[in-house]
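> One structure, as structure tokens, below. Some questions next.
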Amino acid sequence: MLHLNDIETREFFPGLFGKMLHGEKTTLGFWDIKKGAVIPEHQHENEQITYVSEGELQMTIGGTTTVFKAGNTQVIPANVPHSAIALTDCKVIDSWAPVRDAYK
């Protein structure tokens with residue numbers, strides 16, 4: 001058993017801090033995102049599920065821009081371009097399948 005506090009926090013982009021937990025077939029990420037942080041447009045082979053637990057995160061997914069607030073969730077299919085800007089400090093949980101090797 002692990003405690004979230006036992007997982008190393010890494011800064012992936014300026015203002016984007018994450019803790020990653022990798023299983024055999026999936027990755028689970030816990031993000032603390034500072035207001036104004038930008039996640040540049042990218043895409044990957046992994047299906048992604050995003051859940052915003054705190055704050056407001058503006059996401060552009062497949063060319064459509066939406067503001068996600070606490071409680072909002074979204075499935076992002078594999079290979080769909082997406083990006084985000086934190087409008088406030090945010091806490092976000094992401095899951096990816098298969099494992100997100102880029103975050104190991």
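By convention in this document, the chains of the structure tokens carry letters A, B, ... by their order, each chain's residues are numbered from 1, and ligands are numbered from 1 in the order they are shown.
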Among chain A, which residues does DSSP mark as strand (DSSP E) when it is run on the backbone? Keep the chain and numbering as in the structure and answer as number ranges by chain.
A: 10-13, 16-22, 27-33, 38-42, 47-54, 56-61, 64-69, 73-76, 82-86, 90-97
> Got a sec: who's within 10 Å of Val75 of chain A, counting only C-alpha atoms, leaving out chain neighbours fewer than 5 positions off, as a list of chain:residue names?
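In the requested format, the answer is A:Glu47, A:Gln48, A:Ile49, A:Thr50, A:Tyr51, A:Ile61, A:Asp94, A:Ser95, A:Trp96.
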> Write out, as a PDB file, in the first residue's frame, the residues just selected, with N, CA and C atoms.

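See selection21.pdb below for the written result:
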```
ATOM      1  N   GLU A  47      -5.565   6.727 -24.314  1.00  0.00           N
ATOM      2  CA  GLU A  47      -6.853   7.312 -23.949  1.00  0.00           C
ATOM      3  C   GLU A  47      -6.653   7.970 -22.582  1.00  0.00           C
ATOM      4  N   GLN A  48      -7.263   9.128 -22.382  1.00  0.00           N
ATOM      5  CA  GLN A  48      -7.090   9.877 -21.138  1.00  0.00           C
ATOM      6  C   GLN A  48      -8.456  10.223 -20.569  1.00  0.00           C
ATOM      7  N   ILE A  49      -8.581  10.077 -19.255  1.00  0.00           N
ATOM      8  CA  ILE A  49      -9.769  10.551 -18.558  1.00  0.00           C
ATOM      9  C   ILE A  49      -9.294  11.618 -17.575  1.00  0.00           C
ATOM     10  N   THR A  50      -9.891  12.801 -17.654  1.00  0.00           N
ATOM     11  CA  THR A  50      -9.516  13.935 -16.810  1.00  0.00           C
ATOM     12  C   THR A  50     -10.667  14.268 -15.873  1.00  0.00           C
ATOM     13  N   TYR A  51     -10.341  14.496 -14.607  1.00  0.00           N
ATOM     14  CA  TYR A  51     -11.314  14.903 -13.596  1.00  0.00           C
ATOM     15  C   TYR A  51     -10.757  16.116 -12.858  1.00  0.00           C
ATOM     16  N   ILE A  61      -9.903  20.636 -26.572  1.00  0.00           N
ATOM     17  CA  ILE A  61      -9.827  19.222 -26.938  1.00  0.00           C
ATOM     18  C   ILE A  61     -10.386  19.080 -28.338  1.00  0.00           C
ATOM     19  N   ASP A  94      -5.816  12.606 -13.621  1.00  0.00           N
ATOM     20  CA  ASP A  94      -5.858  12.036 -14.964  1.00  0.00           C
ATOM     21  C   ASP A  94      -5.554  10.554 -14.894  1.00  0.00           C
ATOM     22  N   SER A  95      -6.206   9.798 -15.756  1.00  0.00           N
ATOM     23  CA  SER A  95      -5.818   8.400 -15.948  1.00  0.00           C
ATOM     24  C   SER A  95      -5.535   8.195 -17.423  1.00  0.00           C
ATOM     25  N   TRP A  96      -4.587   7.311 -17.712  1.00  0.00           N
ATOM     26  CA  TRP A  96      -4.215   7.001 -19.085  1.00  0.00           C
ATOM     27  C   TRP A  96      -4.118   5.497 -19.254  1.00  0.00           C
TER      28      TRP A  96
END
```
> Find the distance between atom CA of Asn5 of chain A and atom CA of Thr26 of chain A and write it in Å to one decimal.
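It comes out at 20.1 Å.
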> Interatomic distance between atom CA of Thr88 of chain A and atom CA of Val38 of chain A?
11.6 Å
> Just the residues within 10 Å of Leu4 of chain A, please, counting only C-alpha atoms, with nothing from its chain fewer than 4 positions along; format it as a PyMOL selection string.
chain A and resi 8-9+19-21+30
> What's the separation between atom CA of Ile7 of chain A and atom CA of Gly29 of chain A, in Å to one decimal place?
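Distance between the two atoms: 10.6 Å.
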> Could you pull out all residues of chain A with a DSSP call of helix (DSSP H, G or I) and give them as a list in words?
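Written out, the helix (DSSP H, G or I) residues of chain A are Leu4, Asn5, Asp6, Asp101, Ala102 and Tyr103 of chain A.
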> For C-alpha atoms, I'd like the residues from the last selection saved as a PDB file, in the first residue's frame.

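Result went into result-v3.pdb, see below:
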```
ATOM      1  CA  LEU A   4      -0.034   9.766  -1.948  1.00  0.00           C
ATOM      2  CA  ASN A   5       2.503  11.691   0.172  1.00  0.00           C
ATOM      3  CA  ASP A   6       5.041   8.921  -0.510  1.00  0.00           C
ATOM      4  CA  ASP A 101       5.562   5.897 -20.565  1.00  0.00           C
ATOM      5  CA  ALA A 102       6.489   9.572 -21.011  1.00  0.00           C
ATOM      6  CA  TYR A 103       5.680  10.087 -17.295  1.00  0.00           C
TER       7      TYR A 103
END
```
> Of the candidates A:Pro14, A:Pro98, A:Pro40, A:Gly55, which shows the shortest atom-to-atom distance to Ala86 of chain A, using only C-alpha atoms?
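Answer, going by the shortest atom-to-atom distance: A:Gly55.
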> Counting only C-alpha atoms, what is within 12 Å of Thr64 of chain A, bar same-chain residues fewer than 6 positions away, as an MDAnalysis selection string?
chainID A and resid 58 76 80:84
> I need the chosen residues saved as a PDB file, in the first residue's frame, with C-alpha atoms.

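Final output, result_25.pdb:
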```
ATOM      1  CA  GLN A  58      -9.691  25.824 -19.647  1.00  0.00           C
ATOM      2  CA  ILE A  76     -10.102  12.299 -24.330  1.00  0.00           C
ATOM      3  CA  VAL A  80      -6.847  13.755 -30.151  1.00  0.00           C
ATOM      4  CA  PRO A  81      -4.921  17.044 -29.763  1.00  0.00           C
ATOM      5  CA  HIS A  82      -5.535  18.798 -26.445  1.00  0.00           C
ATOM      6  CA  SER A  83      -4.129  21.615 -24.311  1.00  0.00           C
ATOM      7  CA  ALA A  84      -5.009  23.503 -21.137  1.00  0.00           C
TER       8      ALA A  84
END
```
> Which is closest to Lys91 of chain A among A:Asn72, A:Thr60, A:Asn79, A:Gln43, if we use only C-alpha atoms?
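The shortest atom-to-atom distance to Lys91 of chain A comes from A:Asn72.
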> Closest to Phe12 of chain A among A:Glu45, A:Val99, A:Ile33, A:Leu57, using only C-alpha atoms?
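Distance minimum relative to Phe12 of chain A lands on A:Ile33.
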> Pick out the closest residue to Lys69 of chain A from this set: A:Asn46, A:Phe13, A:Lys34, A:Glu56. Count only C-alpha atoms.
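The closest residue to Lys69 of chain A is A:Glu56.
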> Using only C-alpha atoms, pick whichever of A:Val52, A:Arg100, A:His44, A:Thr65 has the shortest atom-to-atom distance to Pro77 of chain A.
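Ranked by minimum distance to Pro77 of chain A, first place goes to A:His44.
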> Rank A:Leu16, A:Gly71, A:Ile39, A:Met59 by their smallest atom-to-atom distance to Asp89 of chain A, using only C-alpha atoms, and report the top residue only.
A:Leu16
> Near Trp31 of chain A, within 6 Å and counting only C-alpha atoms, which residues show up once chain neighbours fewer than 2 positions away are dropped, as a ChimeraX atom specification?
/A:17-18,91-92
